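Trainee: Take this structure, written in structure tokens, and hold onto it; I'll ask about it next.
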Amino acid sequence: MPYAHPAIAVTTLECQEIVILGITESGATFRPTDWAERLCGVLSHFSVDQRIRYSPYARPIVADGIKCVVIDARLQVSRPDAFEFLLSFARDNGLLLRAGRGDERNRADAAREAASAAISSAF
């Protein structure tokens with residue numbers, strides 16, 4: 001994968017998101033299949049309705065059919081220990097990393113929040 005890099009190569013953060021891919025440096029699919037949910041579960045909590053809520057700083061996704069974990073770069077400042085834990089997991093398991101779609105996603109989230117606020121204030 002030309003867009004992905006071994007986890008060992010990440011030394012400075014130059015993007016808003018880092019994606020840990022469920023693909024090893026050798027190209028194998030990482031197992032177990034629920035690894036991303038388990039890893040994000042470390043930073044999750046249960047809401048009032050007894051549903052699991054993933055942290056906004058680490059969430060599981062599927063991208064191009066590959067299980068991944070998206071790490072928000074702000075985690076490096078707010079919880080450096082958790083940030084290092086996630087990157088250490090990737091390094092220890094030989095997983096690939098790539099930059100996320102932070103800018104694009106943040107614009108979309110801001111637009112959704114503005115639309116929601118406009119609808120709420122109309123009622």
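Residue numbering restarts at 1 for every chain of the structure tokens, chains are lettered A, B, ... in their displayed order, and ligands are numbered from 1 as they appear.
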So that I can check the surroundings of Glu84 of chain A, please list as a ChimeraX atom specification every protein, DNA and RNA residue that reaches within 10 Å of it, counting only C-alpha atoms and ignoring chain neighbours fewer than 6 positions away.
Mentor: /A:75-76,90
Trainee: Any idea what's packed within 9 Å of Arg74 of chain A, counting only C-alpha atoms, ignoring anything in its chain fewer than 3 positions away? Could you give it as a list of chain:residue names?
Mentor: A:Gln16, A:Glu17, A:Tyr57, A:Ile71, A:Val77, A:Ser78, A:Arg79
Trainee: For each of A:Leu43, A:Leu97, A:Ala73, A:Val48, take the minimum atom-to-atom distance to Ile20 of chain A, counting only C-alpha atoms, then give the residue where this is smallest.
Mentor: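 Under the stated criterion, the closest residue is A:Leu97.
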Trainee: Near Ala28 of chain A, within 12 Å and counting only C-alpha atoms, which residues show up once chain neighbours fewer than 3 positions away are dropped, as a PDB file with C-alpha atoms, in the first residue's frame?
Mentor:
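The result, written out as result00.pdb:
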```pdb
ATOM      1  CA  MET A   1       0.000   0.000   0.000  1.00  0.00           C
ATOM      2  CA  LEU A  21      -4.915  -0.077   9.450  1.00  0.00           C
ATOM      3  CA  GLY A  22      -5.738  -3.702  10.201  1.00  0.00           C
ATOM      4  CA  ILE A  23      -2.978  -4.724   7.792  1.00  0.00           C
ATOM      5  CA  THR A  24       0.431  -5.845   8.969  1.00  0.00           C
ATOM      6  CA  GLU A  25       3.739  -4.791   7.430  1.00  0.00           C
ATOM      7  CA  ARG A  31      -6.574 -10.796  13.685  1.00  0.00           C
ATOM      8  CA  PRO A  32      -8.818 -11.091  15.674  1.00  0.00           C
ATOM      9  CA  ILE A  66     -10.219  -3.012   6.120  1.00  0.00           C
ATOM     10  CA  ASN A  93       1.777  -5.620  16.119  1.00  0.00           C
ATOM     11  CA  GLY A  94       3.489  -4.322  12.978  1.00  0.00           C
ATOM     12  CA  LEU A  95       0.377  -2.492  11.768  1.00  0.00           C
ATOM     13  CA  LEU A  96       0.397   0.123   9.024  1.00  0.00           C
TER      14      LEU A  96
END
```
